Amino acid sequence: MRAAMVTRFGGPEVFELVEMPDPVPGAGEVLIGVEMIDTLLLETVVRSGTAQDYWPMRPPYVPGGGVAGRVLQVGEDVRQDLLGRRVVAGIRGAENGYADRAVAAAEAAVTVPYTVDLAVAAALVHDATTALALFDATKVGRRDEVLVVGASGGLGALCVQLARARAAKVVAVARGAKLARLEQYGADALIDVDQRDWVDQARAVFGGHGADVVLDNIGAPLGEAASTLLARGGRFSAHGAAGGRFSSVERRVADALNLSVTGIEVAQLADHDRTRYIEQALREVAAGVIAPAIGQTFPLDQAGAAHAAIESRTVFGKTLITAGGARP
């Protein structure tokens, strides 16, 4: 099989396309011929070597924790009727996904309806599961007014769409160059975070009530500025750290306003929860509630270019890698 391997810690140039033996599925596992590969900003951080205290990966390794393709082989105790099936799956340990063959637990391989493109399915693995978990944790309801910070990423765009479907109002915050592409997702207001008065603009949209829920996909300092817009009894999800650190709210402020604050732990899903949310996300796609914002794709031999694009912070939506491995 072909795989994009991180040969050493460093910049995107450390990727090397290598030939490796095809993996063999063990008991309870399937071998997937990979067509589409999900990518994450976190994978660029791990590759850079700056997250060694938190993540176990050491070069050489093959990154990647989410794929979509066809089942080529099944291991012991796995149903034979899975062979040839279109599936999407999270991969244990978030490794070995940047390849045209990947092994996943059979119970994690979710069947993808023929009405859903495999690229769409791959884009759901992390972003949609996280978005659905965030909405469950913050209990977004029909009367809520929601602020989405960092609305132009793959996760942010899905948050805007879910809020449009479930809440009374949604305000999307992103950089000006990306706002036009967010119009299709139906936010009640689009606010340019590059404007110095963006917080005041958002406050005017929410009026005297404030935001019931703030979903912070970026982290400090933008998320902390957004937290000042929360209404009494509001919910703040401080799960993003693209800006370098997670946002925080002073305890005295949270207590005074009876705020509920959750963090990244909400998105750290057990395998069965991720599978359940993938199944739910596929239903939401079929119902027309959500559609992942796939901004750009790169072939497997350009995994480094994919990482460079993500790190540039200029891309819109989800970045995927194509592998073309669905044929036996």
# chains A, B, ... in the order shown; residues from 1 in each chain; ligands from 1

$ select_by_dssp --residues "segment 62-142 of chain A" --states "helix (DSSP H, G or I)" --output "ChimeraX atom specification"
/A:80-82,92-94,106-108,118-124,127-138

$ write_last_selection --atoms "C-alpha atoms" --output "PDB file, in the first residue's frame"
ATOM      1  CA  GLN A  80     -18.875 -11.579   5.440  1.00  0.00           C
ATOM      2  CA  ASP A  81     -21.615  -9.330   4.085  1.00  0.00           C
ATOM      3  CA  LEU A  82     -19.463  -6.324   4.964  1.00  0.00           C
ATOM      4  CA  ARG A  92      -8.042   3.678  16.889  1.00  0.00           C
ATOM      5  CA  GLY A  93      -5.104   5.726  18.069  1.00  0.00           C
ATOM      6  CA  ALA A  94      -5.596   8.336  15.328  1.00  0.00           C
ATOM      7  CA  ALA A 106     -15.649  -3.591  12.400  1.00  0.00           C
ATOM      8  CA  GLU A 107     -17.991  -1.991  14.929  1.00  0.00           C
ATOM      9  CA  ALA A 108     -16.538   1.428  14.005  1.00  0.00           C
ATOM     10  CA  LEU A 118     -17.588   9.235   0.361  1.00  0.00           C
ATOM     11  CA  ALA A 119     -15.962  12.673   0.571  1.00  0.00           C
ATOM     12  CA  VAL A 120     -18.955  13.916   2.535  1.00  0.00           C
ATOM     13  CA  ALA A 121     -18.777  10.860   4.789  1.00  0.00           C
ATOM     14  CA  ALA A 122     -15.076  11.399   5.500  1.00  0.00           C
ATOM     15  CA  ALA A 123     -15.737  15.032   6.381  1.00  0.00           C
ATOM     16  CA  LEU A 124     -18.173  13.903   9.078  1.00  0.00           C
ATOM     17  CA  ASP A 127     -16.243  17.581  12.662  1.00  0.00           C
ATOM     18  CA  ALA A 128     -19.830  16.330  12.672  1.00  0.00           C
ATOM     19  CA  THR A 129     -19.315  14.046  15.640  1.00  0.00           C
ATOM     20  CA  THR A 130     -17.757  16.920  17.570  1.00  0.00           C
ATOM     21  CA  ALA A 131     -20.515  19.344  16.560  1.00  0.00           C
ATOM     22  CA  LEU A 132     -23.256  16.938  17.624  1.00  0.00           C
ATOM     23  CA  ALA A 133     -21.506  16.293  20.939  1.00  0.00           C
ATOM     24  CA  LEU A 134     -21.180  20.050  21.552  1.00  0.00           C
ATOM     25  CA  PHE A 135     -24.866  20.614  20.867  1.00  0.00           C
ATOM     26  CA  ASP A 136     -25.796  17.833  23.262  1.00  0.00           C
ATOM     27  CA  ALA A 137     -23.486  19.221  25.942  1.00  0.00           C
ATOM     28  CA  THR A 138     -24.749  22.801  25.610  1.00  0.00           C
TER      29      THR A 138
END

$ residues_around --residues "segment 158-167 of chain A" --least-positions-apart "5" --cutoff "10 Å" --atoms "only C-alpha atoms" --output "ChimeraX atom specification"
/A:124,127-128,130-132,134-135,140-153,172-173,182,184-188,212-213,215,217,284,289-293,317

$ write_last_selection --atoms "N, CA and C atoms" --output "compact mmCIF listing (two decimals), in the first residue's frame"
# COMPACT_ATOMS: atom_id res chain seq x y z
N LEU A 124 -17.34 13.99 7.88
CA LEU A 124 -18.17 13.90 9.08
C LEU A 124 -17.45 13.28 10.27
N ASP A 127 -15.54 16.31 12.50
CA ASP A 127 -16.24 17.58 12.66
C ASP A 127 -17.71 17.40 13.05
N ALA A 128 -18.41 16.50 12.36
CA ALA A 128 -19.83 16.33 12.67
C ALA A 128 -20.03 15.67 14.02
N THR A 130 -18.04 15.89 16.57
CA THR A 130 -17.76 16.92 17.57
C THR A 130 -18.91 17.91 17.68
N ALA A 131 -19.41 18.37 16.54
CA ALA A 131 -20.52 19.34 16.56
C ALA A 131 -21.73 18.78 17.28
N LEU A 132 -22.09 17.54 16.98
CA LEU A 132 -23.26 16.94 17.62
C LEU A 132 -23.03 16.78 19.12
N LEU A 134 -21.12 18.70 20.97
CA LEU A 134 -21.18 20.05 21.55
C LEU A 134 -22.63 20.49 21.74
N PHE A 135 -23.46 20.20 20.76
CA PHE A 135 -24.87 20.61 20.87
C PHE A 135 -25.59 19.84 21.96
N VAL A 140 -28.58 22.99 23.21
CA VAL A 140 -29.17 24.02 22.35
C VAL A 140 -30.62 23.68 22.06
N GLY A 141 -31.51 24.66 22.29
CA GLY A 141 -32.93 24.45 22.09
C GLY A 141 -33.55 25.51 21.19
N ARG A 142 -34.83 25.36 20.93
CA ARG A 142 -35.52 26.20 19.96
C ARG A 142 -35.52 27.69 20.32
N ARG A 143 -35.46 28.02 21.58
CA ARG A 143 -35.50 29.43 21.99
C ARG A 143 -34.12 30.07 22.12
N ASP A 144 -33.08 29.28 21.93
CA ASP A 144 -31.72 29.78 22.16
C ASP A 144 -31.20 30.63 21.01
N GLU A 145 -30.35 31.58 21.38
CA GLU A 145 -29.63 32.39 20.40
C GLU A 145 -28.15 32.01 20.53
N VAL A 146 -27.54 31.63 19.40
CA VAL A 146 -26.24 30.98 19.40
C VAL A 146 -25.21 31.80 18.65
N LEU A 147 -24.01 31.92 19.22
CA LEU A 147 -22.88 32.57 18.57
C LEU A 147 -21.84 31.51 18.25
N VAL A 148 -21.43 31.44 16.98
CA VAL A 148 -20.40 30.49 16.55
C VAL A 148 -19.14 31.27 16.21
N VAL A 149 -18.09 31.06 16.98
CA VAL A 149 -16.80 31.72 16.76
C VAL A 149 -15.92 30.78 15.93
N GLY A 150 -15.36 31.29 14.83
CA GLY A 150 -14.60 30.43 13.94
C GLY A 150 -15.54 29.61 13.08
N ALA A 151 -16.46 30.31 12.42
CA ALA A 151 -17.53 29.63 11.69
C ALA A 151 -17.12 29.14 10.31
N SER A 152 -15.92 29.49 9.85
CA SER A 152 -15.55 29.15 8.47
C SER A 152 -14.77 27.85 8.36
N GLY A 153 -14.45 27.20 9.46
CA GLY A 153 -13.80 25.90 9.39
C GLY A 153 -14.82 24.80 9.19
N ALA A 172 -22.76 34.06 13.07
CA ALA A 172 -21.50 33.43 12.67
C ALA A 172 -20.39 34.47 12.61
N VAL A 173 -19.27 34.14 13.24
CA VAL A 173 -18.11 35.04 13.29
C VAL A 173 -16.95 34.37 12.55
N LEU A 182 -19.95 31.70 3.72
CA LEU A 182 -20.81 31.25 4.81
C LEU A 182 -22.28 31.61 4.59
N GLN A 184 -24.38 30.78 2.47
CA GLN A 184 -25.25 29.66 2.06
C GLN A 184 -25.79 28.87 3.25
N TYR A 185 -25.22 29.05 4.44
CA TYR A 185 -25.61 28.22 5.58
C TYR A 185 -26.67 28.86 6.46
N GLY A 186 -27.15 30.03 6.09
CA GLY A 186 -28.35 30.57 6.69
C GLY A 186 -28.21 31.23 8.03
N ALA A 187 -27.03 31.72 8.40
CA ALA A 187 -26.90 32.44 9.65
C ALA A 187 -27.72 33.72 9.62
N ASP A 188 -28.22 34.14 10.77
CA ASP A 188 -28.98 35.38 10.85
C ASP A 188 -28.09 36.60 10.71
N ASP A 212 -27.31 32.94 24.29
CA ASP A 212 -27.55 31.83 25.22
C ASP A 212 -26.43 30.81 25.16
N VAL A 213 -25.85 30.65 23.98
CA VAL A 213 -24.78 29.67 23.78
C VAL A 213 -23.69 30.30 22.93
N LEU A 215 -20.25 28.95 21.03
CA LEU A 215 -19.43 27.82 20.63
C LEU A 215 -18.11 28.37 20.11
N ASN A 217 -14.75 27.82 18.57
CA ASN A 217 -13.90 26.91 17.79
C ASN A 217 -12.47 27.41 17.65
N GLU A 284 -28.57 13.17 9.34
CA GLU A 284 -28.77 14.62 9.18
C GLU A 284 -28.42 15.07 7.76
N VAL A 289 -30.25 18.53 6.61
CA VAL A 289 -30.01 19.44 7.74
C VAL A 289 -28.60 19.99 7.70
N ILE A 290 -27.62 19.14 7.37
CA ILE A 290 -26.23 19.56 7.32
C ILE A 290 -25.60 19.11 6.01
N ALA A 291 -24.58 19.83 5.59
CA ALA A 291 -23.77 19.47 4.43
C ALA A 291 -22.36 19.96 4.72
N PRO A 292 -21.40 19.06 4.91
CA PRO A 292 -20.04 19.49 5.24
C PRO A 292 -19.49 20.47 4.21
N ALA A 293 -18.78 21.46 4.69
CA ALA A 293 -18.15 22.44 3.82
C ALA A 293 -16.77 21.92 3.43
N GLY A 317 -13.41 25.78 5.25
CA GLY A 317 -14.01 24.48 5.45
C GLY A 317 -13.01 23.36 5.68

$ select_by_dssp --residues "segment 14-261 of chain A" --states "strand (DSSP E or B)" --output "short mmCIF file (atom, residue, chain, number, x, y, z; two decimals) with N, CA, C and O atoms, in the first residue's frame"
data_model
loop_
_atom_site.label_atom_id
_atom_site.label_comp_id
_atom_site.auth_asym_id
_atom_site.auth_seq_id
_atom_site.Cartn_x
_atom_site.Cartn_y
_atom_site.Cartn_z
N PHE A 15 6.87 15.03 5.16
CA PHE A 15 6.10 13.92 4.62
C PHE A 15 6.87 13.23 3.49
O PHE A 15 7.52 13.88 2.67
N GLU A 16 6.76 11.92 3.44
CA GLU A 16 7.33 11.13 2.36
C GLU A 16 6.33 10.04 1.98
O GLU A 16 5.78 9.36 2.85
N LEU A 17 6.07 9.91 0.68
CA LEU A 17 5.18 8.85 0.21
C LEU A 17 5.98 7.55 0.16
O LEU A 17 7.02 7.48 -0.51
N VAL A 18 5.50 6.54 0.87
CA VAL A 18 6.23 5.28 0.98
C VAL A 18 5.34 4.10 0.59
O VAL A 18 4.12 4.19 0.63
N GLU A 19 5.98 3.02 0.21
CA GLU A 19 5.29 1.75 -0.03
C GLU A 19 5.46 0.89 1.21
O GLU A 19 6.56 0.74 1.72
N GLU A 29 -11.94 -6.92 13.05
CA GLU A 29 -11.49 -5.77 12.27
C GLU A 29 -11.81 -5.95 10.78
O GLU A 29 -12.06 -7.06 10.31
N VAL A 30 -11.76 -4.82 10.06
CA VAL A 30 -11.93 -4.83 8.61
C VAL A 30 -10.78 -4.08 7.97
O VAL A 30 -10.21 -3.15 8.57
N LEU A 31 -10.45 -4.48 6.74
CA LEU A 31 -9.48 -3.73 5.94
C LEU A 31 -10.26 -2.87 4.96
O LEU A 31 -11.09 -3.39 4.19
N ILE A 32 -10.00 -1.58 4.99
CA ILE A 32 -10.72 -0.63 4.13
C ILE A 32 -9.80 -0.16 3.02
O ILE A 32 -8.65 0.25 3.26
N GLY A 33 -10.31 -0.25 1.79
CA GLY A 33 -9.65 0.40 0.67
C GLY A 33 -10.06 1.86 0.69
O GLY A 33 -11.21 2.21 0.44
N VAL A 34 -9.11 2.71 1.03
CA VAL A 34 -9.43 4.10 1.38
C VAL A 34 -9.56 4.98 0.13
O VAL A 34 -8.67 4.99 -0.73
N GLU A 35 -10.65 5.70 0.06
CA GLU A 35 -10.86 6.69 -0.99
C GLU A 35 -10.61 8.10 -0.48
O GLU A 35 -9.96 8.89 -1.14
N MET A 36 -11.14 8.43 0.71
CA MET A 36 -11.05 9.78 1.25
C MET A 36 -10.53 9.73 2.68
O MET A 36 -10.92 8.86 3.46
N ILE A 37 -9.70 10.71 3.01
CA ILE A 37 -9.07 10.77 4.33
C ILE A 37 -9.36 12.12 4.97
O ILE A 37 -9.18 13.18 4.34
N ASP A 38 -9.81 12.09 6.20
CA ASP A 38 -10.05 13.33 6.95
C ASP A 38 -8.72 13.88 7.45
O ASP A 38 -7.76 13.14 7.68
N TYR A 61 5.98 7.80 11.53
CA TYR A 61 4.61 7.33 11.75
C TYR A 61 3.72 7.85 10.61
O TYR A 61 4.07 8.81 9.91
N PRO A 63 0.10 9.46 10.06
CA PRO A 63 -1.03 10.07 10.78
C PRO A 63 -2.36 9.65 10.18
O PRO A 63 -2.42 8.93 9.18
N GLY A 66 -9.34 9.13 10.46
CA GLY A 66 -10.67 8.97 9.90
C GLY A 66 -10.61 8.75 8.40
O GLY A 66 -9.94 9.50 7.68
N VAL A 67 -11.30 7.71 7.90
CA VAL A 67 -11.25 7.38 6.48
C VAL A 67 -12.63 6.96 5.98
O VAL A 67 -13.51 6.59 6.76
N ALA A 68 -12.78 7.00 4.66
CA ALA A 68 -13.98 6.48 4.01
C ALA A 68 -13.54 5.70 2.78
O ALA A 68 -12.61 6.11 2.08
N GLY A 69 -14.20 4.58 2.52
CA GLY A 69 -13.85 3.75 1.36
C GLY A 69 -14.71 2.51 1.32
O GLY A 69 -15.86 2.52 1.74
N ARG A 70 -14.13 1.41 0.82
CA ARG A 70 -14.85 0.14 0.72
C ARG A 70 -14.13 -0.94 1.51
O ARG A 70 -12.90 -0.97 1.56
N VAL A 71 -14.89 -1.84 2.11
CA VAL A 71 -14.31 -2.96 2.85
C VAL A 71 -13.75 -3.97 1.86
O VAL A 71 -14.48 -4.51 1.02
N LEU A 72 -12.45 -4.24 1.97
CA LEU A 72 -11.78 -5.17 1.07
C LEU A 72 -11.57 -6.55 1.70
O LEU A 72 -11.46 -7.55 0.99
N GLN A 73 -11.49 -6.59 3.02
CA GLN A 73 -11.21 -7.85 3.70
C GLN A 73 -11.76 -7.77 5.12
O GLN A 73 -11.80 -6.67 5.72
N VAL A 74 -12.21 -8.88 5.66
CA VAL A 74 -12.71 -8.90 7.03
C VAL A 74 -11.90 -9.90 7.84
O VAL A 74 -11.43 -10.92 7.33
N ARG A 86 -19.55 0.21 1.27
CA ARG A 86 -19.02 1.57 1.44
C ARG A 86 -19.15 1.94 2.92
O ARG A 86 -20.24 1.86 3.49
N VAL A 87 -18.03 2.34 3.52
CA VAL A 87 -18.05 2.63 4.95
C VAL A 87 -17.24 3.88 5.26
O VAL A 87 -16.39 4.31 4.47
N VAL A 88 -17.50 4.44 6.42
CA VAL A 88 -16.69 5.49 7.00
C VAL A 88 -16.35 5.05 8.41
O VAL A 88 -17.16 4.42 9.09
N ALA A 89 -15.11 5.35 8.84
CA ALA A 89 -14.68 4.82 10.13
C ALA A 89 -13.64 5.72 10.78
O ALA A 89 -12.79 6.31 10.10
N GLY A 90 -13.73 5.82 12.10
CA GLY A 90 -12.64 6.37 12.88
C GLY A 90 -11.64 5.26 13.16
O GLY A 90 -12.00 4.09 13.25
N GLU A 95 -3.95 6.99 14.13
CA GLU A 95 -2.77 6.75 13.30
C GLU A 95 -3.12 5.83 12.13
O GLU A 95 -4.09 5.07 12.18
N ALA A 99 -3.26 6.68 4.13
CA ALA A 99 -2.82 5.55 3.32
C ALA A 99 -3.98 5.08 2.46
O ALA A 99 -5.14 5.46 2.69
N ARG A 101 -4.83 1.96 2.25
CA ARG A 101 -5.39 0.83 2.99
C ARG A 101 -5.34 1.16 4.47
O ARG A 101 -4.36 1.70 4.96
N ALA A 102 -6.41 0.84 5.19
CA ALA A 102 -6.44 1.12 6.62
C ALA A 102 -7.28 0.05 7.31
O ALA A 102 -8.29 -0.40 6.77
N VAL A 103 -6.86 -0.33 8.51
CA VAL A 103 -7.60 -1.28 9.32
C VAL A 103 -8.39 -0.52 10.38
O VAL A 103 -7.88 0.41 11.00
N ALA A 104 -9.64 -0.91 10.55
CA ALA A 104 -10.51 -0.30 11.57
C ALA A 104 -11.30 -1.40 12.25
O ALA A 104 -11.50 -2.49 11.70
N ALA A 105 -11.76 -1.10 13.45
CA ALA A 105 -12.65 -2.03 14.13
C ALA A 105 -13.94 -2.16 13.33
O ALA A 105 -14.48 -1.16 12.84
N VAL A 110 -19.05 2.38 9.75
CA VAL A 110 -20.47 2.72 9.55
C VAL A 110 -20.79 2.71 8.06
O VAL A 110 -20.08 3.34 7.26
N THR A 111 -21.84 2.03 7.69
CA THR A 111 -22.24 1.95 6.29
C THR A 111 -22.66 3.32 5.77
O THR A 111 -23.42 4.05 6.43
N GLU A 145 -30.35 31.58 21.38
CA GLU A 145 -29.63 32.39 20.40
C GLU A 145 -28.15 32.01 20.53
O GLU A 145 -27.58 32.06 21.62
N VAL A 146 -27.54 31.63 19.40
CA VAL A 146 -26.24 30.98 19.40
C VAL A 146 -25.21 31.80 18.65
O VAL A 146 -25.49 32.32 17.55
N LEU A 147 -24.01 31.92 19.22
CA LEU A 147 -22.88 32.57 18.57
C LEU A 147 -21.84 31.51 18.25
O LEU A 147 -21.41 30.77 19.13
N VAL A 148 -21.43 31.44 16.98
CA VAL A 148 -20.40 30.49 16.55
C VAL A 148 -19.14 31.27 16.21
O VAL A 148 -19.12 32.06 15.26
N VAL A 149 -18.09 31.06 16.98
CA VAL A 149 -16.80 31.72 16.76
C VAL A 149 -15.92 30.78 15.93
O VAL A 149 -15.73 29.62 16.28
N GLY A 153 -14.45 27.20 9.46
CA GLY A 153 -13.80 25.90 9.39
C GLY A 153 -14.82 24.80 9.19
O GLY A 153 -16.03 25.03 9.18
N LYS A 169 -31.84 31.71 16.78
CA LYS A 169 -30.99 32.65 16.05
C LYS A 169 -29.56 32.12 16.08
O LYS A 169 -29.12 31.53 17.07
N VAL A 170 -28.81 32.35 15.00
CA VAL A 170 -27.41 31.99 14.95
C VAL A 170 -26.62 33.14 14.32
O VAL A 170 -26.99 33.66 13.27
N VAL A 171 -25.55 33.52 15.01
CA VAL A 171 -24.64 34.55 14.53
C VAL A 171 -23.29 33.90 14.27
O VAL A 171 -22.74 33.22 15.15
N ALA A 172 -22.76 34.06 13.07
CA ALA A 172 -21.50 33.43 12.67
C ALA A 172 -20.39 34.47 12.61
O ALA A 172 -20.55 35.53 12.00
N VAL A 173 -19.27 34.14 13.24
CA VAL A 173 -18.11 35.04 13.29
C VAL A 173 -16.95 34.37 12.55
O VAL A 173 -16.60 33.23 12.85
N ALA A 174 -16.36 35.08 11.59
CA ALA A 174 -15.23 34.55 10.83
C ALA A 174 -14.46 35.72 10.23
O ALA A 174 -14.89 36.88 10.35
N ALA A 189 -26.84 36.46 11.06
CA ALA A 189 -25.89 37.56 10.90
C ALA A 189 -24.49 36.99 10.72
O ALA A 189 -24.14 35.97 11.33
N LEU A 190 -23.71 37.63 9.85
CA LEU A 190 -22.31 37.28 9.62
C LEU A 190 -21.46 38.46 10.06
O LEU A 190 -21.68 39.59 9.62
N ILE A 191 -20.48 38.19 10.92
CA ILE A 191 -19.69 39.27 11.49
C ILE A 191 -18.21 39.02 11.22
O ILE A 191 -17.70 37.91 11.46
N ASP A 192 -17.54 40.04 10.74
CA ASP A 192 -16.12 39.99 10.39
C ASP A 192 -15.28 40.19 11.65
O ASP A 192 -15.26 41.28 12.24
N ALA A 211 -26.19 36.27 24.13
CA ALA A 211 -26.17 34.93 23.53
C ALA A 211 -26.43 33.87 24.60
O ALA A 211 -25.83 33.90 25.67
N ASP A 212 -27.31 32.94 24.29
CA ASP A 212 -27.55 31.83 25.22
C ASP A 212 -26.43 30.81 25.16
O ASP A 212 -26.10 30.18 26.18
N VAL A 213 -25.85 30.65 23.98
CA VAL A 213 -24.78 29.67 23.78
C VAL A 213 -23.69 30.30 22.93
O VAL A 213 -23.98 30.91 21.90
N VAL A 214 -22.44 30.14 23.37
CA VAL A 214 -21.28 30.52 22.56
C VAL A 214 -20.45 29.27 22.31
O VAL A 214 -20.01 28.61 23.26
N LEU A 215 -20.25 28.95 21.03
CA LEU A 215 -19.43 27.82 20.63
C LEU A 215 -18.11 28.37 20.11
O LEU A 215 -18.05 28.98 19.04
N ASP A 216 -17.04 28.17 20.88
CA ASP A 216 -15.74 28.75 20.57
C ASP A 216 -14.85 27.71 19.89
O ASP A 216 -14.25 26.86 20.54
N LEU A 230 -22.32 36.54 26.57
CA LEU A 230 -23.24 35.55 27.11
C LEU A 230 -24.32 36.18 27.98
O LEU A 230 -24.07 37.09 28.78
N ALA A 231 -25.52 35.67 27.83
CA ALA A 231 -26.63 36.08 28.68
C ALA A 231 -26.53 35.38 30.03
O ALA A 231 -25.79 34.40 30.20
N ARG A 232 -27.25 35.89 31.00
CA ARG A 232 -27.30 35.21 32.31
C ARG A 232 -27.83 33.78 32.10
O ARG A 232 -28.81 33.56 31.39
N GLY A 233 -27.12 32.82 32.71
CA GLY A 233 -27.50 31.43 32.54
C GLY A 233 -27.03 30.82 31.24
O GLY A 233 -27.45 29.72 30.88
N GLY A 234 -26.13 31.53 30.53
CA GLY A 234 -25.66 31.05 29.24
C GLY A 234 -24.69 29.88 29.35
O GLY A 234 -24.20 29.55 30.42
N ARG A 235 -24.43 29.26 28.19
CA ARG A 235 -23.52 28.12 28.12
C ARG A 235 -22.36 28.46 27.18
O ARG A 235 -22.58 28.91 26.05
N PHE A 236 -21.15 28.21 27.67
CA PHE A 236 -19.94 28.54 26.91
C PHE A 236 -19.15 27.26 26.67
O PHE A 236 -18.74 26.59 27.61
N SER A 237 -18.97 26.92 25.40
CA SER A 237 -18.17 25.75 25.03
C SER A 237 -16.79 26.21 24.59
O SER A 237 -16.62 26.74 23.49
N ALA A 238 -15.80 26.00 25.44
CA ALA A 238 -14.42 26.44 25.18
C ALA A 238 -13.59 25.26 24.68
O ALA A 238 -12.62 24.84 25.30
N SER A 260 -22.58 28.20 32.49
CA SER A 260 -22.09 26.82 32.40
C SER A 260 -20.95 26.81 31.39
O SER A 260 -21.12 27.24 30.25
N VAL A 261 -19.78 26.31 31.80
CA VAL A 261 -18.60 26.30 30.94
C VAL A 261 -18.12 24.86 30.75
O VAL A 261 -17.87 24.14 31.72
#

$ atom_distance --atom1 "atom CA of Ile218 of chain A" --atom2 "atom CA of Gly240 of chain A"
4.6 Å

$ closest_residue --among "A:Ala241, A:Leu320, A:His307, A:Ala109" --to "Thr275 of chain A" --atoms "only C-alpha atoms"
A:Ala109
